[in-house]
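In what follows, a structure is listed as structure tokens, so that the remarks can point back to it.
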Amino acid sequence: MRRINIWLLCCCALACALACADPPDPVETPAAQTAPAVEVPPLQDYGGIGGDFSLVDQQGEPFALKDLDGRAAMLFFGYTFCPDICPVTLSKMGRVYQLLGEREEDLATLFISVDPERDTAEKLKEYLAYFDIGAIGLHGDKSQIDEVIGQYGGHYSFDKEEGQTDYFVDHSTYTYLIDEKGKVRFLFRQSDGPELMAAVTQQLFANGE
Amino acid sequence: MVQLCAYAFFVALFSAGCAEQEIGDPIAVRDAWIREPPPRSPAAGYLVIENRGGDSVELIAAETQAAERTEIHIMEHSNGRMTMRKADSVSVPAGEEIELESGGTHLMLMQLRQPLKAGDEVELQLSFADGTQLKIMAPVRKGGYASN
């Protein structure tokens, strides 16, 4: 009788230990180098949105889409005080470049700031250097930003009091894939992963663009 | 004697398996981490709150030595448009858990007192409406899709 009790106890202990075992590490693990197969949606022709613009980059130099010199681009709107969405998108682009391998030079990342007051050229330079993907940071005055974001069917807004420096900006979260002719060919959502983004971009390259 | 050892074994295994949670009956907090921020930007904090009790609980504040001010932020995301706003509290219904995660509700650590780098650890003090106070260590990580 005593022997059976001991074994029962040990089995219970083991069961408890297994039940309390640490859950799988929740940290986003890096995507496998052999990325999972994704069903790749076709490129689109978003004729109604997009187009060229004139802004200033983080070196203080004028920038227009034609300055891409035939490169494709991923374009999105954000701001450097953004705590979550913008860092995630920029990190995601780092992974996209890894997946693109030798074609990474054929894709530029364009980060357009919707926060002209805080996002000076200097601030953009410092912020984007952190992500180390050669991203081009673009800024302009309010009317210029309003115009560009309107062209791309995007949106931004914020509530800020006079002199307030810690305000947050609501903004569109789409990332636009732009081909070498400056046309919008795909809209990625915030939830789309780097594998999908790289696969769609590869289609652009495969089309000889 | 053998039964005593078995009981001790039981307790040891049970304790070892549950080591990484902070428990303030009925609330448990786990898997906290802070995203390493770019220079001079605020940092986002994430964690899971479990409510093992029979009544709803509410996180009403978070504090840390690492930042002058910590806020709870809610994100609402629809049709490609993201709206973020400060929230006074996060409710966790009875028997459920809420994950503060990227793209959703998260903590905002603002006016950092020192730069936060991956590998650092930050102590978060969480206050709940029922008076429960929990402390949890949150490692700083390069979040997103960093390969390290």
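Identifiers in the structure tokens: chain A, B, ... in order shown; residue index from 1 per chain; ligand index from 1 in order shown.
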Fewer than 3 positions away in the same chain doesn't count, so skip those; otherwise give me all residues within 7 Å of stretch 71-85 of chain A, counting only C-alpha atoms, as a PyMOL selection string.
(chain A and resi 68+88-89+106-115+119+127+171-172+174-180) or (chain B and resi 41-44+102-103)
Among stretch 12-179 of chain A, which residues carry a DSSP assignment of helix (DSSP H, G or I), reported as a PyMOL selection string?
chain A and resi 12-19+65-68+85-106+121-131+142-151
Which polymer residues have any atom within 12 Å of an atom of A:Gly47, counting only C-alpha atoms, with same-chain residues fewer than 5 positions away left out, as a short mmCIF file (atom, residue, chain, number, x, y, z; two decimals) with C-alpha atoms, in the first residue's frame?
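The resulting file, around_23.cif, is reproduced below:
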```
data_model
loop_
_atom_site.label_atom_id
_atom_site.label_comp_id
_atom_site.auth_asym_id
_atom_site.auth_seq_id
_atom_site.Cartn_x
_atom_site.Cartn_y
_atom_site.Cartn_z
CA GLN A 151 -1.59 61.55 -52.73
CA TYR A 152 -1.04 58.19 -51.09
CA GLY A 153 -4.52 57.94 -49.62
CA ILE A 178 6.67 51.41 -55.45
CA GLY A 182 7.31 55.34 -59.31
CA LYS A 183 3.98 53.51 -59.41
CA VAL A 184 2.34 51.93 -56.37
CA ARG A 185 2.14 48.18 -56.97
CA PHE A 186 1.20 46.77 -53.55
#
```
Identify, on the basis of only C-alpha atoms, every residue whose closest approach to B:Met108 does not exceed 12 Å; exclude the query and any residue fewer than 6 positions from it along the same chain; express the result as a count of residues only.
38
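With only C-alpha atoms as the atoms that count, the minimum distance from chain A to the choices B:Arg52, B:Arg81, B:Arg40, B:Arg30 is reached by B:Arg81.
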From stretch 16-146 of chain B, collect each residue whose DSSP state is strand (DSSP E or B) and return the set as a PyMOL selection string.
chain B and resi 22-24+27-35+43-51+57-64+67-78+81-87+90-92+97-100+106-112+121-128+133-141
Which value, in Å to one decimal, gives the distance between atom CA of B:Leu107 and atom CA of A:Thr165?
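Separating atom CA of B:Leu107 from atom CA of A:Thr165 is a distance of 18.6 Å.
Between chain A and the candidates B:Gln3, B:Thr132, B:Val90, B:Leu112, the tightest atom-to-atom separation, counting only C-alpha atoms, involves B:Gln3.
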Pick out the closest residue to B:Asp120 from this set: B:His106, B:His77, B:Lys135, B:Lys142. Count only C-alpha atoms.
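The shortest atom-to-atom distance to B:Asp120 comes from B:Lys142.
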For chain A, the nearest of the candidates B:Met1, B:Met82, B:Ile49, B:Ala32, counting only C-alpha atoms:
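Distance minimum relative to chain A lands on B:Met82.
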